[in-house]
Amino acid sequence: MKSPQFGVLCVLLANLAVLALPTVSLSAAEPVTNETKPSNVSPASVKGQWEPIHEGTGGVAVDRSNGDVYLVVTGKEIFKEKSQGIWKSADRGGTFARVDGEVIGGRCETAYGLCQDPKGQRMFCFMLDGPSGYTLDGGKTWQKIAKLNRGWDFAAVDWSVEKPQVLFGFEHESGGKLHLSTDGGKSWTKIGENPKDTNGRTFGVGVVDAHTLVHWSGSAGGVLRSVDLGATWKMVSEEMPAGHVMTVFNGVGYWVGSKGLLVSKDKGATWAWQGQSVPAAWGPYFGKSEKQIVVVGKTGVYETTDGGETWTLITPLPDLFKNPPGPGWYLNFAFDPVNNVFYTSWMGKPAFRYLR
């Protein structure tokens with residue numbers, strides 16, 4: 001029979017063996033840290049939460065027709081690093097490759113710098129502190145547009161024609177200058193100046209067709225319309241949107257605002273709020289039809305499947321992006337209705353995705 005002292009000795013030796021084992025530190029997964037190479041995040045990742053897919057970005061958009069994702073890659077130090085242009089992913093943000101042929105540079109100051117045709121394939125990039133340009137074939141080929149000083153806060157495009165000619169933009173830190181192009185961006189003409197709306201946060205622009213423009217401003221107190229490309233303007237509504245670029249989808253004009261969707265069905269001549277109120281400042285982003293719409297506010301991402309009659313809060317924004325300085329500013333957002341994915345970006349910060 002073994003003595004009690006032998007049992008105590010065995011216990012002591014076992015405890016010493018445990019103490020000698022190497023310690024293992026458990027930590028959260030590190031975000032992607034490569035600013036200029038493709039992300040290595042798997043396209044089959046965790047659903048129902050925001051996850052980083054690429055470091056150092058400054059804009060994001062999605063081709064609604066096929067789910068292709070476009071990222072502006074800037075590097076984490078936007079004033080020090082050379083911008084890397086437009087990168088594209090065809091696998092829900094799993095991998096990216098540069099596609100713009102070094103035509104595009106700079107960053108997006110607002111969520112409306114990348115102006116995507118809601119029908120898909122076509123996109124204009126109105127950049128700040130770098131060259132602007134566009135693609136009309138899903139990123140296969142790119143053309144430059146004329147540079148204007150430091151560049152743009154936002155601009156609108158006439159998507160009613162095959163090759164857009166009319167562009168209507170708000171120049172960055174210019175004292176509120178408005179510029180018009182009627183040759184697809186080869187040249188620009190100043191058509192107005194709004195010094196009371198100089199920072200652009202109380203201003204928005206829209207193009208209805210080759211002759212019809214709209215804009216709203218805090219100083220004007222509502223929406224104005226021109227049928228002669230900005231030569232004259234007429235006040236048509238005292239309602240105030242918050243979105244900076246009007247979206248035209250299936251012949252209807254949309255702006256977002258504190259009451260939800262501000263809509264015109266007569267080429268901008270009259271405006272009315274559609275559906276229930278929702279705190280929107282980014283969007284609208286259309287799904288599989290005009291009934292499915294996503295908008296974004298500081299409180300999160302909202303979706304309707306009945307044209308705005310009801311809204312559902314899908315998710316708050318990523319923690320890094322919860323305090324944008326104003327409606328539509330810095331934060332970029334995109335919705336892929338093909339694969340049911342949300343994307344966000346912010347100047348110099350990682351791009352995130354949210355799989356549903």
# chains A, B, ... in the order shown; residues from 1 in each chain; ligands from 1

call {"tool": "residues_around", "arguments": {"residues": "Glu193 in chain A", "least_positions_apart": "5", "cutoff": "6 Å", "atoms": "only C-alpha atoms", "output": "list in words"}}
result
Gly176, Lys177 and Leu178 of chain A

call {"tool": "residues_around", "arguments": {"residues": "His215 in chain A", "least_positions_apart": "6", "cutoff": "9 Å", "atoms": "only C-alpha atoms", "output": "ChimeraX atom specification"}}
result
/A:203-207,222-226,244-246

call {"tool": "write_last_selection", "arguments": {"atoms": "N, CA and C atoms", "output": "short mmCIF file (atom, residue, chain, number, x, y, z; two decimals), in the first residue's frame"}}
result
data_model
loop_
_atom_site.label_atom_id
_atom_site.label_comp_id
_atom_site.auth_asym_id
_atom_site.auth_seq_id
_atom_site.Cartn_x
_atom_site.Cartn_y
_atom_site.Cartn_z
N PHE A 203 -26.87 71.09 -49.30
CA PHE A 203 -27.02 71.27 -50.74
C PHE A 203 -27.12 69.91 -51.41
N GLY A 204 -27.84 69.86 -52.54
CA GLY A 204 -27.93 68.65 -53.33
C GLY A 204 -28.20 68.96 -54.78
N VAL A 205 -27.80 68.05 -55.68
CA VAL A 205 -27.96 68.26 -57.12
C VAL A 205 -28.61 67.03 -57.76
N GLY A 206 -29.20 67.27 -58.94
CA GLY A 206 -29.79 66.17 -59.68
C GLY A 206 -29.93 66.51 -61.14
N VAL A 207 -29.85 65.48 -62.00
CA VAL A 207 -30.08 65.62 -63.44
C VAL A 207 -31.24 64.71 -63.82
N GLY A 222 -35.58 74.81 -49.95
CA GLY A 222 -36.35 73.82 -50.67
C GLY A 222 -35.70 73.40 -51.96
N VAL A 223 -36.51 72.86 -52.87
CA VAL A 223 -36.04 72.31 -54.14
C VAL A 223 -36.32 73.29 -55.27
N LEU A 224 -35.30 73.51 -56.11
CA LEU A 224 -35.44 74.35 -57.30
C LEU A 224 -35.26 73.51 -58.55
N ARG A 225 -35.88 73.96 -59.65
CA ARG A 225 -35.84 73.22 -60.91
C ARG A 225 -35.52 74.15 -62.06
N SER A 226 -34.74 73.64 -63.00
CA SER A 226 -34.42 74.37 -64.22
C SER A 226 -34.69 73.49 -65.43
N HIS A 244 -27.40 64.20 -51.10
CA HIS A 244 -26.74 65.21 -51.92
C HIS A 244 -26.88 65.00 -53.42
N VAL A 245 -27.32 63.81 -53.84
CA VAL A 245 -27.54 63.57 -55.26
C VAL A 245 -28.87 62.84 -55.44
N MET A 246 -29.71 63.36 -56.33
CA MET A 246 -30.98 62.70 -56.65
C MET A 246 -30.71 61.44 -57.47
#

call {"tool": "residues_around", "arguments": {"residues": "Asp117 in chain A", "least_positions_apart": "5", "cutoff": "12 Å", "atoms": "only C-alpha atoms", "output": "ChimeraX atom specification"}}
result
/A:61-65,112,122-125,134-138,156-164,246-250,285-286

call {"tool": "residues_around", "arguments": {"residues": "Pro350 in chain A", "least_positions_apart": "5", "cutoff": "6 Å", "atoms": "only C-alpha atoms", "output": "list in words"}}
result
His54, Glu55, Gly56 and Thr57 of chain A

call {"tool": "closest_atom_pairs", "arguments": {"of": "range 160-186 of chain A", "to": "range 143-151 of chain A", "cutoff": "12 Å", "atoms": "only C-alpha atoms", "output": "tab-separated table"}}
result
residue	atom	partner	partner_atom	distance
A:Gln165	CA	A:Ile145	CA	11.2
A:Leu167	CA	A:Ile145	CA	10.5
A:Gly169	CA	A:Gly151	CA	9.6
A:Phe170	CA	A:Gly151	CA	8.9
A:Glu171	CA	A:Gly151	CA	6.1
A:His172	CA	A:Gly151	CA	6.0
A:Glu173	CA	A:Arg150	CA	8.5
A:Ser174	CA	A:Asn149	CA	9.1
A:Lys177	CA	A:Leu148	CA	11.2
A:Leu178	CA	A:Leu148	CA	11.4
A:His179	CA	A:Leu148	CA	9.5
A:Leu180	CA	A:Leu148	CA	11.4
A:Ser181	CA	A:Ala146	CA	9.7
A:Thr182	CA	A:Ile145	CA	11.8
A:Asp183	CA	A:Ile145	CA	9.7
A:Gly184	CA	A:Ile145	CA	7.4
A:Gly185	CA	A:Ile145	CA	4.7
A:Lys186	CA	A:Ala146	CA	5.2

call {"tool": "write_last_selection", "arguments": {"atoms": "N, CA and C atoms", "output": "PDB file, in the first residue's frame"}}
result
ATOM      1  N   GLN A 165     -23.938  62.866 -71.246  1.00  0.00           N
ATOM      2  CA  GLN A 165     -23.258  64.110 -71.590  1.00  0.00           C
ATOM      3  C   GLN A 165     -23.423  65.171 -70.510  1.00  0.00           C
ATOM      4  N   LEU A 167     -23.538  66.531 -66.865  1.00  0.00           N
ATOM      5  CA  LEU A 167     -23.060  66.295 -65.503  1.00  0.00           C
ATOM      6  C   LEU A 167     -23.233  67.585 -64.714  1.00  0.00           C
ATOM      7  N   GLY A 169     -22.257  69.285 -60.979  1.00  0.00           N
ATOM      8  CA  GLY A 169     -21.441  69.024 -59.805  1.00  0.00           C
ATOM      9  C   GLY A 169     -21.287  70.187 -58.845  1.00  0.00           C
ATOM     10  N   PHE A 170     -20.946  69.836 -57.595  1.00  0.00           N
ATOM     11  CA  PHE A 170     -20.686  70.792 -56.522  1.00  0.00           C
ATOM     12  C   PHE A 170     -19.201  70.717 -56.185  1.00  0.00           C
ATOM     13  N   GLU A 171     -18.464  71.808 -56.437  1.00  0.00           N
ATOM     14  CA  GLU A 171     -17.021  71.834 -56.258  1.00  0.00           C
ATOM     15  C   GLU A 171     -16.642  71.895 -54.781  1.00  0.00           C
ATOM     16  N   HIS A 172     -15.600  71.173 -54.416  1.00  0.00           N
ATOM     17  CA  HIS A 172     -15.133  71.104 -53.029  1.00  0.00           C
ATOM     18  C   HIS A 172     -14.509  72.424 -52.591  1.00  0.00           C
ATOM     19  N   GLU A 173     -14.921  72.899 -51.405  1.00  0.00           N
ATOM     20  CA  GLU A 173     -14.354  74.092 -50.757  1.00  0.00           C
ATOM     21  C   GLU A 173     -14.158  75.242 -51.750  1.00  0.00           C
ATOM     22  N   SER A 174     -15.240  75.571 -52.448  1.00  0.00           N
ATOM     23  CA  SER A 174     -15.163  76.572 -53.512  1.00  0.00           C
ATOM     24  C   SER A 174     -16.042  77.796 -53.246  1.00  0.00           C
ATOM     25  N   LYS A 177     -19.687  76.696 -55.351  1.00  0.00           N
ATOM     26  CA  LYS A 177     -19.788  76.819 -56.810  1.00  0.00           C
ATOM     27  C   LYS A 177     -20.396  75.571 -57.442  1.00  0.00           C
ATOM     28  N   LEU A 178     -21.313  75.810 -58.388  1.00  0.00           N
ATOM     29  CA  LEU A 178     -21.961  74.758 -59.164  1.00  0.00           C
ATOM     30  C   LEU A 178     -21.405  74.769 -60.578  1.00  0.00           C
ATOM     31  N   HIS A 179     -21.127  73.579 -61.116  1.00  0.00           N
ATOM     32  CA  HIS A 179     -20.556  73.482 -62.448  1.00  0.00           C
ATOM     33  C   HIS A 179     -21.350  72.491 -63.290  1.00  0.00           C
ATOM     34  N   LEU A 180     -21.420  72.780 -64.580  1.00  0.00           N
ATOM     35  CA  LEU A 180     -22.168  71.958 -65.532  1.00  0.00           C
ATOM     36  C   LEU A 180     -21.251  71.543 -66.673  1.00  0.00           C
ATOM     37  N   SER A 181     -21.375  70.284 -67.071  1.00  0.00           N
ATOM     38  CA  SER A 181     -20.730  69.802 -68.286  1.00  0.00           C
ATOM     39  C   SER A 181     -21.806  69.271 -69.220  1.00  0.00           C
ATOM     40  N   THR A 182     -21.712  69.615 -70.492  1.00  0.00           N
ATOM     41  CA  THR A 182     -22.646  69.088 -71.495  1.00  0.00           C
ATOM     42  C   THR A 182     -21.930  68.233 -72.541  1.00  0.00           C
ATOM     43  N   ASP A 183     -20.684  67.880 -72.245  1.00  0.00           N
ATOM     44  CA  ASP A 183     -19.903  67.054 -73.174  1.00  0.00           C
ATOM     45  C   ASP A 183     -19.261  65.858 -72.462  1.00  0.00           C
ATOM     46  N   GLY A 184     -19.961  65.343 -71.454  1.00  0.00           N
ATOM     47  CA  GLY A 184     -19.476  64.155 -70.764  1.00  0.00           C
ATOM     48  C   GLY A 184     -18.261  64.367 -69.898  1.00  0.00           C
ATOM     49  N   GLY A 185     -18.023  65.616 -69.477  1.00  0.00           N
ATOM     50  CA  GLY A 185     -16.919  65.905 -68.577  1.00  0.00           C
ATOM     51  C   GLY A 185     -15.650  66.386 -69.260  1.00  0.00           C
ATOM     52  N   LYS A 186     -15.690  66.619 -70.553  1.00  0.00           N
ATOM     53  CA  LYS A 186     -14.508  67.152 -71.234  1.00  0.00           C
ATOM     54  C   LYS A 186     -14.242  68.596 -70.844  1.00  0.00           C
TER      55      LYS A 186
END

call {"tool": "decode", "arguments": {"residues": "range 162-256 of chain A", "atoms": "C-alpha atoms", "output": "PDB file, in the first residue's frame"}}
result
ATOM      1  CA  GLU A 162     -26.604  55.687 -73.552  1.00  0.00           C
ATOM      2  CA  LYS A 163     -23.550  57.955 -73.365  1.00  0.00           C
ATOM      3  CA  PRO A 164     -24.122  60.552 -70.625  1.00  0.00           C
ATOM      4  CA  GLN A 165     -23.258  64.110 -71.590  1.00  0.00           C
ATOM      5  CA  VAL A 166     -24.860  66.247 -68.870  1.00  0.00           C
ATOM      6  CA  LEU A 167     -23.060  66.295 -65.503  1.00  0.00           C
ATOM      7  CA  PHE A 168     -23.945  68.640 -62.634  1.00  0.00           C
ATOM      8  CA  GLY A 169     -21.441  69.024 -59.805  1.00  0.00           C
ATOM      9  CA  PHE A 170     -20.686  70.792 -56.522  1.00  0.00           C
ATOM     10  CA  GLU A 171     -17.021  71.834 -56.258  1.00  0.00           C
ATOM     11  CA  HIS A 172     -15.133  71.104 -53.029  1.00  0.00           C
ATOM     12  CA  GLU A 173     -14.354  74.092 -50.757  1.00  0.00           C
ATOM     13  CA  SER A 174     -15.163  76.572 -53.512  1.00  0.00           C
ATOM     14  CA  GLY A 175     -17.634  78.893 -51.817  1.00  0.00           C
ATOM     15  CA  GLY A 176     -20.554  76.838 -53.074  1.00  0.00           C
ATOM     16  CA  LYS A 177     -19.788  76.819 -56.810  1.00  0.00           C
ATOM     17  CA  LEU A 178     -21.961  74.758 -59.164  1.00  0.00           C
ATOM     18  CA  HIS A 179     -20.556  73.482 -62.448  1.00  0.00           C
ATOM     19  CA  LEU A 180     -22.168  71.958 -65.532  1.00  0.00           C
ATOM     20  CA  SER A 181     -20.730  69.802 -68.286  1.00  0.00           C
ATOM     21  CA  THR A 182     -22.646  69.088 -71.495  1.00  0.00           C
ATOM     22  CA  ASP A 183     -19.903  67.054 -73.174  1.00  0.00           C
ATOM     23  CA  GLY A 184     -19.476  64.155 -70.764  1.00  0.00           C
ATOM     24  CA  GLY A 185     -16.919  65.905 -68.577  1.00  0.00           C
ATOM     25  CA  LYS A 186     -14.508  67.152 -71.234  1.00  0.00           C
ATOM     26  CA  SER A 187     -15.173  70.713 -70.070  1.00  0.00           C
ATOM     27  CA  TRP A 188     -16.985  72.531 -67.241  1.00  0.00           C
ATOM     28  CA  THR A 189     -18.914  75.793 -66.954  1.00  0.00           C
ATOM     29  CA  LYS A 190     -19.768  77.510 -63.687  1.00  0.00           C
ATOM     30  CA  ILE A 191     -23.547  78.057 -63.579  1.00  0.00           C
ATOM     31  CA  GLY A 192     -24.036  79.248 -60.022  1.00  0.00           C
ATOM     32  CA  GLU A 193     -22.606  80.007 -56.619  1.00  0.00           C
ATOM     33  CA  ASN A 194     -24.175  79.527 -53.195  1.00  0.00           C
ATOM     34  CA  PRO A 195     -21.869  81.016 -50.560  1.00  0.00           C
ATOM     35  CA  LYS A 196     -24.377  80.369 -47.761  1.00  0.00           C
ATOM     36  CA  ASP A 197     -24.114  76.639 -48.527  1.00  0.00           C
ATOM     37  CA  THR A 198     -20.364  76.686 -48.936  1.00  0.00           C
ATOM     38  CA  ASN A 199     -19.593  73.451 -47.078  1.00  0.00           C
ATOM     39  CA  GLY A 200     -22.048  71.466 -49.213  1.00  0.00           C
ATOM     40  CA  ARG A 201     -23.832  69.851 -46.277  1.00  0.00           C
ATOM     41  CA  THR A 202     -27.009  71.800 -47.004  1.00  0.00           C
ATOM     42  CA  PHE A 203     -27.022  71.274 -50.740  1.00  0.00           C
ATOM     43  CA  GLY A 204     -27.928  68.652 -53.328  1.00  0.00           C
ATOM     44  CA  VAL A 205     -27.957  68.261 -57.118  1.00  0.00           C
ATOM     45  CA  GLY A 206     -29.793  66.169 -59.680  1.00  0.00           C
ATOM     46  CA  VAL A 207     -30.076  65.620 -63.438  1.00  0.00           C
ATOM     47  CA  VAL A 208     -33.424  64.551 -64.871  1.00  0.00           C
ATOM     48  CA  ASP A 209     -32.587  64.634 -68.576  1.00  0.00           C
ATOM     49  CA  ALA A 210     -30.581  66.567 -71.169  1.00  0.00           C
ATOM     50  CA  HIS A 211     -32.392  69.822 -70.330  1.00  0.00           C
ATOM     51  CA  THR A 212     -33.715  69.463 -66.777  1.00  0.00           C
ATOM     52  CA  LEU A 213     -31.746  69.996 -63.569  1.00  0.00           C
ATOM     53  CA  VAL A 214     -32.812  70.148 -59.928  1.00  0.00           C
ATOM     54  CA  HIS A 215     -31.074  71.205 -56.757  1.00  0.00           C
ATOM     55  CA  TRP A 216     -31.977  71.859 -53.140  1.00  0.00           C
ATOM     56  CA  SER A 217     -30.272  74.106 -50.623  1.00  0.00           C
ATOM     57  CA  GLY A 218     -30.614  75.261 -47.063  1.00  0.00           C
ATOM     58  CA  SER A 219     -30.344  78.892 -48.121  1.00  0.00           C
ATOM     59  CA  ALA A 220     -33.163  78.522 -50.673  1.00  0.00           C
ATOM     60  CA  GLY A 221     -35.313  76.544 -48.265  1.00  0.00           C
ATOM     61  CA  GLY A 222     -36.349  73.820 -50.669  1.00  0.00           C
ATOM     62  CA  VAL A 223     -36.036  72.307 -54.143  1.00  0.00           C
ATOM     63  CA  LEU A 224     -35.442  74.349 -57.296  1.00  0.00           C
ATOM     64  CA  ARG A 225     -35.845  73.215 -60.906  1.00  0.00           C
ATOM     65  CA  SER A 226     -34.418  74.373 -64.224  1.00  0.00           C
ATOM     66  CA  VAL A 227     -35.591  73.301 -67.692  1.00  0.00           C
ATOM     67  CA  ASP A 228     -32.835  75.225 -69.494  1.00  0.00           C
ATOM     68  CA  LEU A 229     -29.707  73.656 -67.990  1.00  0.00           C
ATOM     69  CA  GLY A 230     -29.392  76.127 -65.145  1.00  0.00           C
ATOM     70  CA  ALA A 231     -29.963  79.399 -66.992  1.00  0.00           C
ATOM     71  CA  THR A 232     -33.091  80.024 -64.876  1.00  0.00           C
ATOM     72  CA  TRP A 233     -34.460  78.352 -61.755  1.00  0.00           C
ATOM     73  CA  LYS A 234     -37.920  78.009 -60.232  1.00  0.00           C
ATOM     74  CA  MET A 235     -38.777  76.987 -56.668  1.00  0.00           C
ATOM     75  CA  VAL A 236     -40.941  73.841 -56.873  1.00  0.00           C
ATOM     76  CA  SER A 237     -41.014  72.526 -53.294  1.00  0.00           C
ATOM     77  CA  GLU A 238     -40.391  73.726 -49.752  1.00  0.00           C
ATOM     78  CA  GLU A 239     -39.568  70.203 -48.605  1.00  0.00           C
ATOM     79  CA  MET A 240     -35.950  69.691 -47.571  1.00  0.00           C
ATOM     80  CA  PRO A 241     -33.999  66.544 -48.459  1.00  0.00           C
ATOM     81  CA  ALA A 242     -30.711  65.518 -46.865  1.00  0.00           C
ATOM     82  CA  GLY A 243     -29.175  63.393 -49.647  1.00  0.00           C
ATOM     83  CA  HIS A 244     -26.741  65.213 -51.919  1.00  0.00           C
ATOM     84  CA  VAL A 245     -27.541  63.565 -55.264  1.00  0.00           C
ATOM     85  CA  MET A 246     -30.978  62.702 -56.649  1.00  0.00           C
ATOM     86  CA  THR A 247     -31.377  59.139 -57.924  1.00  0.00           C
ATOM     87  CA  VAL A 248     -33.627  58.483 -60.931  1.00  0.00           C
ATOM     88  CA  PHE A 249     -35.000  54.935 -61.044  1.00  0.00           C
ATOM     89  CA  ASN A 250     -37.629  53.789 -63.558  1.00  0.00           C
ATOM     90  CA  GLY A 251     -38.432  57.413 -64.371  1.00  0.00           C
ATOM     91  CA  VAL A 252     -38.979  58.493 -60.754  1.00  0.00           C
ATOM     92  CA  GLY A 253     -36.693  60.901 -58.896  1.00  0.00           C
ATOM     93  CA  TYR A 254     -35.697  60.122 -55.299  1.00  0.00           C
ATOM     94  CA  TRP A 255     -33.957  62.041 -52.559  1.00  0.00           C
ATOM     95  CA  VAL A 256     -33.583  60.886 -48.955  1.00  0.00           C
TER      96      VAL A 256
END
